[in-house]
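Content type mmCIF, C-alpha atoms, from the file coords_23.cif:
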```cif
data_run
#
loop_
_atom_site.label_atom_id
_atom_site.label_comp_id
_atom_site.auth_asym_id
_atom_site.auth_seq_id
_atom_site.Cartn_x
_atom_site.Cartn_y
_atom_site.Cartn_z
CA MET O 979 53.63 16.66 2.50
CA PRO O 980 51.86 13.29 2.58
CA ILE O 981 53.95 10.35 3.73
CA GLN O 982 54.26 7.69 1.06
CA SER O 983 52.31 7.61 -2.18
CA THR O 984 49.69 5.46 -0.41
CA GLY O 985 48.88 8.53 1.68
CA ALA O 986 48.86 10.83 -1.35
CA LYS O 987 46.04 9.30 -3.38
CA GLY O 988 44.88 11.66 -6.09
CA ILE O 989 47.54 14.31 -5.47
CA LYS O 990 48.73 15.36 -8.88
CA GLY O 991 52.18 16.49 -9.82
CA THR O 992 54.36 17.15 -12.83
CA ILE O 993 57.94 16.16 -13.46
CA THR O 994 60.15 18.06 -15.85
CA ILE O 995 62.96 16.08 -17.44
CA LYS O 996 65.91 17.84 -19.03
CA LYS O 997 65.40 18.06 -22.78
CA LYS O 998 68.61 16.17 -23.43
CA PHE O 999 67.15 13.10 -21.69
CA GLU O 1000 63.72 13.27 -23.35
CA GLU O 1001 64.42 10.39 -25.75
CA GLY O 1002 64.87 8.14 -22.71
CA LEU O 1003 61.17 8.58 -21.92
CA ASP O 1004 60.13 6.68 -25.06
CA ASP O 1005 57.83 3.72 -24.25
CA LEU O 1006 57.30 4.90 -20.67
CA ALA O 1007 53.70 5.98 -21.30
CA GLY O 1008 52.81 2.31 -21.68
CA PHE O 1009 53.21 1.84 -17.94
CA SER O 1010 50.58 2.88 -15.40
CA HIS O 1011 53.02 3.00 -12.46
CA ILE O 1012 56.62 4.09 -12.21
CA TYR O 1013 59.35 4.31 -9.62
CA LEU O 1014 60.80 7.71 -8.92
CA VAL O 1015 64.30 7.72 -7.42
CA TYR O 1016 65.17 11.10 -5.96
CA HIS O 1017 67.43 13.07 -3.68
CA PHE O 1018 66.05 13.92 -0.23
CA HIS O 1019 67.53 17.37 -0.77
CA LYS O 1020 66.07 18.85 2.44
CA SER O 1021 67.69 16.18 4.58
CA GLU O 1022 70.59 18.06 6.12
CA HIS O 1023 72.16 15.27 8.16
CA TYR O 1024 71.65 11.64 8.91
CA ALA O 1025 71.00 9.62 12.05
CA LEU O 1026 71.25 5.87 12.47
CA LYS O 1027 68.09 5.86 14.58
CA ALA O 1028 64.91 7.53 13.35
CA LYS O 1029 61.48 7.92 14.90
CA PRO O 1030 59.18 7.13 11.97
CA PHE O 1031 55.98 9.12 11.37
CA LEU O 1032 54.01 5.93 11.91
CA ASP O 1033 55.66 4.81 15.15
CA ASN O 1034 56.69 6.18 18.52
CA SER O 1035 59.96 4.32 18.98
CA PRO O 1036 63.29 5.11 17.37
CA ARG O 1037 64.13 2.49 14.77
CA GLY O 1038 67.26 1.64 12.84
CA VAL O 1039 67.15 4.03 9.88
CA PHE O 1040 67.52 1.23 7.32
CA SER O 1041 64.31 -0.32 8.68
CA THR O 1042 62.47 2.95 7.90
CA ARG O 1043 61.78 5.13 4.88
CA ALA O 1044 62.90 8.25 6.76
CA PRO O 1045 64.84 10.82 4.70
CA GLN O 1046 67.81 11.39 7.00
CA ARG O 1047 69.78 8.39 5.69
CA PRO O 1048 73.53 8.12 5.14
CA ASN O 1049 72.78 8.26 1.41
CA PRO O 1050 69.63 10.43 1.28
CA ILE O 1051 67.91 8.76 -1.66
CA GLY O 1052 64.16 8.21 -1.72
CA ILE O 1053 62.04 5.92 -3.84
CA SER O 1054 58.31 6.19 -4.46
CA VAL O 1055 55.89 4.40 -6.73
CA VAL O 1056 53.52 6.85 -8.39
CA LYS O 1057 50.82 6.59 -11.01
CA LEU O 1058 51.80 7.80 -14.44
CA ILE O 1059 48.96 9.72 -16.07
CA GLY O 1060 50.70 10.89 -19.19
CA VAL O 1061 53.90 11.85 -20.94
CA ASN O 1062 54.01 15.04 -23.01
CA GLY O 1063 57.44 15.63 -24.44
CA ASN O 1064 59.71 16.10 -21.45
CA ILE O 1065 56.85 16.53 -18.96
CA LEU O 1066 55.35 13.68 -16.95
CA GLU O 1067 51.94 13.99 -15.32
CA ILE O 1068 51.75 11.87 -12.20
CA GLU O 1069 49.36 11.10 -9.37
CA ASN O 1070 49.89 9.99 -5.76
CA ALA O 1071 52.94 12.21 -5.35
CA ASP O 1072 54.39 12.11 -1.82
CA ILE O 1073 57.38 14.19 -2.83
CA LEU O 1074 58.36 17.76 -1.97
CA ASP O 1075 58.09 20.35 -4.71
CA GLY O 1076 61.49 20.98 -6.26
CA THR O 1077 62.94 17.58 -5.34
CA PRO O 1078 65.80 16.65 -7.68
CA LEU O 1079 64.94 13.51 -9.60
CA ILE O 1080 67.70 10.94 -10.05
CA ASP O 1081 66.03 8.20 -12.03
CA ILE O 1082 62.74 6.81 -13.36
CA LYS O 1083 62.02 3.10 -13.73
CA PRO O 1084 58.93 1.19 -14.80
CA TYR O 1085 57.03 -0.57 -12.01
CA ILE O 1086 56.73 -4.19 -13.14
CA PRO O 1087 54.48 -6.48 -11.07
CA ASP O 1088 56.53 -9.60 -11.84
CA PHE O 1089 59.62 -7.92 -10.40
CA ASP O 1090 58.12 -5.64 -7.79
CA ILE O 1091 55.21 -7.40 -6.14
CA HIS O 1092 56.35 -9.81 -3.46
CA GLN O 1093 54.50 -11.99 -0.99
CA VAL O 1094 55.98 -10.94 2.30
CA GLU O 1095 55.94 -12.92 5.53
CA LYS O 1096 57.03 -10.21 7.95
CA THR O 1097 56.72 -6.43 8.09
CA GLY O 1098 58.51 -5.74 11.38
CA TRP O 1099 57.66 -2.66 13.42
CA ILE O 1100 55.23 -1.28 10.83
CA THR O 1101 52.80 -4.20 11.10
CA ASN O 1102 49.29 -2.81 11.70
CA LYS O 1103 50.62 0.77 11.75
CA THR O 1104 49.74 1.98 8.24
CA GLY O 1105 46.00 2.30 8.89
CA ASN O 1106 46.04 6.07 9.46
CA ILE O 1107 48.48 6.94 6.70
CA ASP O 1108 45.88 9.04 4.88
CA SER O 1109 45.78 11.52 7.75
CA VAL O 1110 49.41 11.58 8.88
CA LYS O 1111 51.50 14.32 7.30
CA SER O 1112 55.19 14.94 7.60
CA ASP O 1113 56.59 17.50 10.02
CA ASP O 1114 60.03 18.98 10.51
CA ARG O 1115 61.55 16.10 12.43
CA PHE O 1116 63.83 15.04 9.62
CA LYS O 1117 65.39 18.37 8.79
CA MET Y 816 74.01 -12.88 -13.45
CA PRO Y 817 70.24 -13.47 -13.30
CA ILE Y 818 68.07 -10.60 -14.42
CA GLN Y 819 65.82 -9.32 -11.66
CA SER Y 820 65.32 -11.00 -8.31
CA THR Y 821 62.34 -12.85 -9.82
CA GLY Y 822 64.85 -14.72 -11.99
CA ALA Y 823 67.21 -15.35 -9.06
CA LYS Y 824 64.99 -17.43 -6.80
CA GLY Y 825 67.00 -19.15 -4.12
CA ILE Y 826 70.31 -17.52 -5.02
CA LYS Y 827 71.90 -16.58 -1.73
CA GLY Y 828 74.14 -13.65 -1.06
CA THR Y 829 75.67 -11.68 1.77
CA ILE Y 830 75.91 -7.94 2.23
CA THR Y 831 78.56 -6.37 4.39
CA ILE Y 832 77.70 -3.01 5.90
CA LYS Y 833 80.40 -0.72 7.21
CA LYS Y 834 80.68 -1.11 10.98
CA LYS Y 835 79.97 2.58 11.51
CA PHE Y 836 76.49 2.12 10.00
CA GLU Y 837 75.66 -1.11 11.87
CA GLU Y 838 73.29 0.57 14.33
CA GLY Y 839 71.13 1.63 11.39
CA LEU Y 840 70.31 -2.07 10.80
CA ASP Y 841 68.37 -2.29 14.08
CA ASP Y 842 64.80 -3.54 13.55
CA LEU Y 843 65.51 -4.58 9.96
CA ALA Y 844 65.41 -8.31 10.76
CA GLY Y 845 61.67 -7.93 11.37
CA PHE Y 846 61.12 -7.56 7.63
CA SER Y 847 61.10 -10.49 5.21
CA HIS Y 848 61.82 -8.38 2.13
CA ILE Y 849 64.00 -5.34 1.59
CA TYR Y 850 64.93 -2.94 -1.17
CA LEU Y 851 68.56 -2.70 -2.10
CA VAL Y 852 69.61 0.53 -3.81
CA TYR Y 853 72.99 0.19 -5.47
CA HIS Y 854 75.42 1.59 -7.97
CA PHE Y 855 75.60 -0.15 -11.35
CA HIS Y 856 79.35 0.15 -11.07
CA LYS Y 857 80.10 -1.82 -14.25
CA SER Y 858 77.96 0.47 -16.36
CA GLU Y 859 80.56 2.52 -18.16
CA HIS Y 860 78.32 4.83 -20.16
CA TYR Y 861 74.67 5.49 -20.72
CA ALA Y 862 72.37 5.40 -23.71
CA LEU Y 863 68.86 6.81 -23.98
CA LYS Y 864 67.71 3.74 -25.89
CA ALA Y 865 68.34 0.26 -24.55
CA LYS Y 866 67.52 -3.18 -25.91
CA PRO Y 867 66.21 -4.97 -22.81
CA PHE Y 868 67.10 -8.60 -22.11
CA LEU Y 869 63.40 -9.45 -22.38
CA ASP Y 870 62.69 -7.68 -25.65
CA ASN Y 871 64.12 -7.30 -29.12
CA SER Y 872 63.37 -3.64 -29.71
CA PRO Y 873 65.30 -0.67 -28.34
CA ARG Y 874 63.25 1.10 -25.69
CA GLY Y 875 63.57 4.42 -23.92
CA VAL Y 876 65.98 3.66 -21.09
CA PHE Y 877 63.60 5.04 -18.42
CA SER Y 878 61.02 2.44 -19.51
CA THR Y 879 63.57 -0.31 -18.76
CA ARG Y 880 65.58 -1.53 -15.80
CA ALA Y 881 68.78 -1.58 -17.87
CA PRO Y 882 71.94 -0.47 -16.05
CA GLN Y 883 73.32 2.02 -18.56
CA ARG Y 884 71.20 4.91 -17.27
CA PRO Y 885 72.17 8.58 -16.92
CA ASN Y 886 72.29 7.98 -13.15
CA PRO Y 887 73.35 4.32 -12.93
CA ILE Y 888 71.39 3.35 -9.83
CA GLY Y 889 69.67 -0.02 -9.50
CA ILE Y 890 66.96 -1.19 -7.16
CA SER Y 891 66.03 -4.77 -6.33
CA VAL Y 892 63.71 -6.37 -3.83
CA VAL Y 893 65.38 -9.34 -2.14
CA LYS Y 894 64.42 -11.69 0.64
CA LEU Y 895 66.10 -11.00 3.96
CA ILE Y 896 67.10 -14.24 5.68
CA GLY Y 897 68.96 -12.83 8.64
CA VAL Y 898 71.02 -10.04 10.13
CA ASN Y 899 74.19 -10.88 12.05
CA GLY Y 900 75.95 -7.77 13.24
CA ASN Y 901 76.93 -5.91 10.09
CA ILE Y 902 76.26 -8.85 7.76
CA LEU Y 903 72.96 -9.43 5.97
CA GLU Y 904 72.05 -12.83 4.55
CA ILE Y 905 69.78 -12.46 1.54
CA GLU Y 906 68.12 -14.58 -1.09
CA ASN Y 907 67.02 -13.89 -4.68
CA ALA Y 908 70.07 -11.74 -5.38
CA ASP Y 909 70.23 -10.52 -8.97
CA ILE Y 910 73.21 -8.30 -8.26
CA LEU Y 911 76.86 -8.57 -9.33
CA ASP Y 912 79.38 -9.56 -6.67
CA GLY Y 913 81.15 -6.47 -5.37
CA THR Y 914 78.37 -4.04 -6.23
CA PRO Y 915 78.54 -0.92 -4.02
CA LEU Y 916 75.40 -0.64 -1.91
CA ILE Y 917 73.89 2.83 -1.55
CA ASP Y 918 70.89 2.21 0.67
CA ILE Y 919 68.61 -0.38 2.25
CA LYS Y 920 64.88 0.17 2.81
CA PRO Y 921 62.15 -2.08 4.17
CA TYR Y 922 59.72 -3.44 1.59
CA ILE Y 923 56.27 -2.51 2.89
CA PRO Y 924 53.25 -3.97 1.07
CA ASP Y 925 51.02 -0.98 1.85
CA PHE Y 926 53.53 1.33 0.14
CA ASP Y 927 55.02 -0.94 -2.47
CA ILE Y 928 52.31 -3.20 -3.85
CA HIS Y 929 50.23 -1.45 -6.50
CA GLN Y 930 47.46 -2.61 -8.75
CA VAL Y 931 48.71 -1.70 -12.17
CA GLU Y 932 46.63 -1.24 -15.30
CA LYS Y 933 49.39 -1.20 -17.91
CA THR Y 934 52.86 -2.72 -18.20
CA GLY Y 935 53.87 -1.40 -21.61
CA TRP Y 936 56.38 -3.28 -23.73
CA ILE Y 937 57.06 -5.91 -21.06
CA THR Y 938 53.50 -7.26 -21.06
CA ASN Y 939 53.66 -11.06 -21.47
CA LYS Y 940 57.46 -10.98 -21.76
CA THR Y 941 58.54 -12.04 -18.27
CA GLY Y 942 57.58 -15.72 -18.71
CA ASN Y 943 61.12 -16.94 -19.44
CA ILE Y 944 62.90 -14.79 -16.87
CA ASP Y 945 64.15 -17.85 -15.01
CA SER Y 946 66.30 -18.88 -17.97
CA VAL Y 947 67.46 -15.51 -19.31
CA LYS Y 948 70.81 -14.35 -17.98
CA SER Y 949 72.57 -11.07 -18.55
CA ASP Y 950 75.29 -10.70 -21.16
CA ASP Y 951 77.78 -7.97 -21.96
CA ARG Y 952 75.42 -5.66 -23.81
CA PHE Y 953 75.35 -3.05 -21.10
CA LYS Y 954 79.07 -2.61 -20.49
#
```
Whole structure given in structure tokens:
Amino acid sequence: MPIQSTGAKGIKGTITIKKKFEEGLDDLAGFSHIYLVYHFHKSEHYALKAKPFLDNSPRGVFSTRAPQRPNPIGISVVKLIGVNGNILEIENADILDGTPLIDIKPYIPDFDIHQVEKTGWITNKTGNIDSVKSDDRFK
Amino acid sequence: MPIQSTGAKGIKGTITIKKKFEEGLDDLAGFSHIYLVYHFHKSEHYALKAKPFLDNSPRGVFSTRAPQRPNPIGISVVKLIGVNGNILEIENADILDGTPLIDIKPYIPDFDIHQVEKTGWITNKTGNIDSVKSDDRFK
């Protein structure tokens, strides 16, 4: 599995929404990018310190995107290619096959793009994200 | 309540984390912006169509950030001012007092800033976000 959608460029995926929620997808196709909120269902326990894929030191779990969190919820921004009924076609999927989806939200630049001043331990560490893949450390 | 952190510039807030999770906050102070993932605890039911604060037409709920979602989970990016033990000082809080927090994640430009091509129904509608406040429509 790639780590983060940034490391999953071009990887296509499909999302199947329950039919009873299909009406809630109206107007979504107008957006090129969406948030997926999902359950890290393979995360079997949590730890307050995690060694991130992109670093060699254990870090406070809330300063990481690691899956073994007290509430194992993940968020990713992916590219929305199309909506066909209850099926979404997406790209840049950094998410395990079979992951239970909790929510979908539109990605809105005015709300979601922020000028940051500090990026803590990850500063200068995302350069090799295209080649780093996840392993079993977070099981 | 302001709608979205973009409409809550300068509004300060504090977050209290349970003492047993305090160690998980290590390294977080290095980041200037964080995601808050929280429960829309005042959302009493959901609807698949929502009339957003910034629009006059009902829209598919997954194309909005409205709280009355099938899984009532909200996400906001806020500015992190400081971490003191189990207390976080934040700014740009668009979140109701007393909201139960589910998770905290670092906001990482390489993962979270995306060049979008389309922003659907909200295109050109965020201009007056500073003056629009929420009302009771989503109870």
Kindly resolve the PyMOL selection byres ((chain Y) within 6 of (chain O)) on the present coordinates and return the residues as number ranges by chain. Y: 821, 838-843, 845-847, 863, 875-878, 919-921, 926, 928, 931-935
What residues have an atom no more than 7 Å from (59.5, 19.5, -9.3) in the file's own frame, counting all atoms listed in the file, and can you write them as an MDAnalysis selection string? chainID O and resid 992:994 1075:1077
Selection from above, C-alpha atoms, as a tab-separated table (two decimals), in the coordinates of the input, can you write it?
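Below you can see out.tsv, which holds the result:
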```tsv
chain	number	residue	atom	x	y	z
O	992	THR	CA	54.36	17.15	-12.83
O	993	ILE	CA	57.94	16.16	-13.46
O	994	THR	CA	60.15	18.06	-15.85
O	1075	ASP	CA	58.09	20.35	-4.71
O	1076	GLY	CA	61.49	20.98	-6.26
O	1077	THR	CA	62.94	17.58	-5.34
```
Å distance separating CA of Leu903 (chain Y) from CA of Phe855 (chain Y), one decimal place: 19.8 Å
What's the separation between CA of Asn901 (chain Y) and CA of Lys1029 (chain O), in Å to one decimal place?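 Here the two named atoms are 21.3 Å from each other.
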From the list O:Lys996, O:Glu1022, O:Ala1071, O:Phe1031, which residue is nearest Ile1059 (chain O) when using only C-alpha atoms? O:Ala1071
In Å, rounded to a single decimal, give me how far CA of Ser1021 (chain O) is from CA of Lys990 (chain O).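 Going from CA of Lys990 (chain O) over to CA of Ser1021 (chain O), I get 23.3 Å.
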Work out where the centre of an axis-aligned box around every listed atom of region 898-909 of chain Y lies and how long its edges are once 3 Å is added on each side; give both in Å to one decimal as AutoDock Vina command-line options.
```
--center_x 72.0 --center_y -10.2 --center_z 2.1 --size_x 15.9 --size_y 14.7 --size_z 28.2
```
If the PyMOL selection byres ((chain Y and resi 826) around 7) is run on the structure shown, which residues does it catch, given as a ChimeraX atom specification? /Y:823-825,827-828,906-908
How about completing region 1032-1043 of chain O with all heavy atoms and giving it to me as a PDB file, keeping the file's coordinate frame?
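Final output, selection-v8.pdb:
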```
ATOM      1  N   LEU O1032      55.047   6.892  11.565  1.00  0.00           N
ATOM      2  CA  LEU O1032      54.010   5.930  11.910  1.00  0.00           C
ATOM      3  C   LEU O1032      54.301   5.141  13.187  1.00  0.00           C
ATOM      4  O   LEU O1032      53.650   4.141  13.467  1.00  0.00           O
ATOM      5  CB  LEU O1032      53.795   4.954  10.749  1.00  0.00           C
ATOM      6  CG  LEU O1032      53.252   5.578   9.457  1.00  0.00           C
ATOM      7  CD1 LEU O1032      53.271   4.573   8.325  1.00  0.00           C
ATOM      8  CD2 LEU O1032      51.837   6.098   9.666  1.00  0.00           C
ATOM      9  N   ASP O1033      55.296   5.562  13.961  1.00  0.00           N
ATOM     10  CA  ASP O1033      55.660   4.810  15.150  1.00  0.00           C
ATOM     11  C   ASP O1033      56.206   5.779  16.199  1.00  0.00           C
ATOM     12  O   ASP O1033      56.619   6.896  15.884  1.00  0.00           O
ATOM     13  CB  ASP O1033      56.711   3.762  14.793  1.00  0.00           C
ATOM     14  CG  ASP O1033      56.861   2.703  15.872  1.00  0.00           C
ATOM     15  OD1 ASP O1033      55.909   2.508  16.653  1.00  0.00           O
ATOM     16  OD2 ASP O1033      57.921   2.067  15.923  1.00  0.00           O
ATOM     17  N   ASN O1034      56.199   5.315  17.444  1.00  0.00           N
ATOM     18  CA  ASN O1034      56.690   6.180  18.520  1.00  0.00           C
ATOM     19  C   ASN O1034      58.073   5.818  19.020  1.00  0.00           C
ATOM     20  O   ASN O1034      58.618   6.503  19.874  1.00  0.00           O
ATOM     21  CB  ASN O1034      55.696   6.157  19.687  1.00  0.00           C
ATOM     22  CG  ASN O1034      54.390   6.842  19.311  1.00  0.00           C
ATOM     23  OD1 ASN O1034      54.402   7.897  18.678  1.00  0.00           O
ATOM     24  ND2 ASN O1034      53.285   6.225  19.659  1.00  0.00           N
ATOM     25  N   SER O1035      58.637   4.743  18.523  1.00  0.00           N
ATOM     26  CA  SER O1035      59.960   4.320  18.980  1.00  0.00           C
ATOM     27  C   SER O1035      61.006   4.607  17.922  1.00  0.00           C
ATOM     28  O   SER O1035      60.722   4.500  16.728  1.00  0.00           O
ATOM     29  CB  SER O1035      59.954   2.812  19.243  1.00  0.00           C
ATOM     30  OG  SER O1035      58.896   2.463  20.105  1.00  0.00           O
ATOM     31  N   PRO O1036      62.216   4.966  18.355  1.00  0.00           N
ATOM     32  CA  PRO O1036      63.290   5.110  17.370  1.00  0.00           C
ATOM     33  C   PRO O1036      63.607   3.746  16.771  1.00  0.00           C
ATOM     34  O   PRO O1036      63.624   2.736  17.483  1.00  0.00           O
ATOM     35  CB  PRO O1036      64.466   5.625  18.208  1.00  0.00           C
ATOM     36  CG  PRO O1036      63.926   5.967  19.549  1.00  0.00           C
ATOM     37  CD  PRO O1036      62.668   5.190  19.740  1.00  0.00           C
ATOM     38  N   ARG O1037      63.837   3.728  15.503  1.00  0.00           N
ATOM     39  CA  ARG O1037      64.130   2.490  14.770  1.00  0.00           C
ATOM     40  C   ARG O1037      65.419   2.667  13.981  1.00  0.00           C
ATOM     41  O   ARG O1037      65.751   3.783  13.586  1.00  0.00           O
ATOM     42  CB  ARG O1037      62.991   2.165  13.792  1.00  0.00           C
ATOM     43  CG  ARG O1037      61.618   2.066  14.428  1.00  0.00           C
ATOM     44  CD  ARG O1037      61.510   0.873  15.329  1.00  0.00           C
ATOM     45  NE  ARG O1037      60.176   0.735  15.912  1.00  0.00           N
ATOM     46  CZ  ARG O1037      59.835  -0.273  16.712  1.00  0.00           C
ATOM     47  NH1 ARG O1037      60.720  -1.213  17.043  1.00  0.00           N
ATOM     48  NH2 ARG O1037      58.622  -0.347  17.211  1.00  0.00           N
ATOM     49  N   GLY O1038      66.096   1.568  13.715  1.00  0.00           N
ATOM     50  CA  GLY O1038      67.260   1.640  12.840  1.00  0.00           C
ATOM     51  C   GLY O1038      66.849   2.263  11.510  1.00  0.00           C
ATOM     52  O   GLY O1038      65.831   1.878  10.933  1.00  0.00           O
ATOM     53  N   VAL O1039      67.604   3.240  11.043  1.00  0.00           N
ATOM     54  CA  VAL O1039      67.150   4.030   9.880  1.00  0.00           C
ATOM     55  C   VAL O1039      66.922   3.169   8.646  1.00  0.00           C
ATOM     56  O   VAL O1039      66.040   3.464   7.834  1.00  0.00           O
ATOM     57  CB  VAL O1039      68.134   5.196   9.602  1.00  0.00           C
ATOM     58  CG1 VAL O1039      69.477   4.704   9.083  1.00  0.00           C
ATOM     59  CG2 VAL O1039      67.532   6.214   8.632  1.00  0.00           C
ATOM     60  N   PHE O1040      67.687   2.073   8.514  1.00  0.00           N
ATOM     61  CA  PHE O1040      67.520   1.230   7.320  1.00  0.00           C
ATOM     62  C   PHE O1040      66.244   0.385   7.398  1.00  0.00           C
ATOM     63  O   PHE O1040      65.855  -0.241   6.408  1.00  0.00           O
ATOM     64  CB  PHE O1040      68.743   0.349   7.104  1.00  0.00           C
ATOM     65  CG  PHE O1040      70.004   1.126   6.866  1.00  0.00           C
ATOM     66  CD1 PHE O1040      71.112   0.981   7.695  1.00  0.00           C
ATOM     67  CD2 PHE O1040      70.092   2.032   5.815  1.00  0.00           C
ATOM     68  CE1 PHE O1040      72.277   1.707   7.487  1.00  0.00           C
ATOM     69  CE2 PHE O1040      71.254   2.771   5.591  1.00  0.00           C
ATOM     70  CZ  PHE O1040      72.349   2.610   6.437  1.00  0.00           C
ATOM     71  N   SER O1041      65.608   0.361   8.566  1.00  0.00           N
ATOM     72  CA  SER O1041      64.310  -0.320   8.680  1.00  0.00           C
ATOM     73  C   SER O1041      63.160   0.686   8.518  1.00  0.00           C
ATOM     74  O   SER O1041      62.002   0.351   8.769  1.00  0.00           O
ATOM     75  CB  SER O1041      64.194  -1.035  10.027  1.00  0.00           C
ATOM     76  OG  SER O1041      63.821  -0.141  11.062  1.00  0.00           O
ATOM     77  N   THR O1042      63.475   1.898   8.115  1.00  0.00           N
ATOM     78  CA  THR O1042      62.470   2.950   7.900  1.00  0.00           C
ATOM     79  C   THR O1042      62.626   3.543   6.506  1.00  0.00           C
ATOM     80  O   THR O1042      63.621   3.281   5.821  1.00  0.00           O
ATOM     81  CB  THR O1042      62.620   4.104   8.912  1.00  0.00           C
ATOM     82  OG1 THR O1042      63.712   4.954   8.509  1.00  0.00           O
ATOM     83  CG2 THR O1042      62.885   3.596  10.313  1.00  0.00           C
ATOM     84  N   ARG O1043      61.659   4.396   6.138  1.00  0.00           N
ATOM     85  CA  ARG O1043      61.780   5.130   4.880  1.00  0.00           C
ATOM     86  C   ARG O1043      62.122   6.596   5.152  1.00  0.00           C
ATOM     87  O   ARG O1043      61.957   7.443   4.275  1.00  0.00           O
ATOM     88  CB  ARG O1043      60.479   5.006   4.090  1.00  0.00           C
ATOM     89  CG  ARG O1043      60.047   3.533   3.876  1.00  0.00           C
ATOM     90  CD  ARG O1043      60.821   2.836   2.777  1.00  0.00           C
ATOM     91  NE  ARG O1043      60.248   3.112   1.510  1.00  0.00           N
ATOM     92  CZ  ARG O1043      59.511   2.259   0.795  1.00  0.00           C
ATOM     93  NH1 ARG O1043      59.305   1.028   1.215  1.00  0.00           N
ATOM     94  NH2 ARG O1043      59.018   2.608  -0.361  1.00  0.00           N
TER      95      ARG O1043
END
```
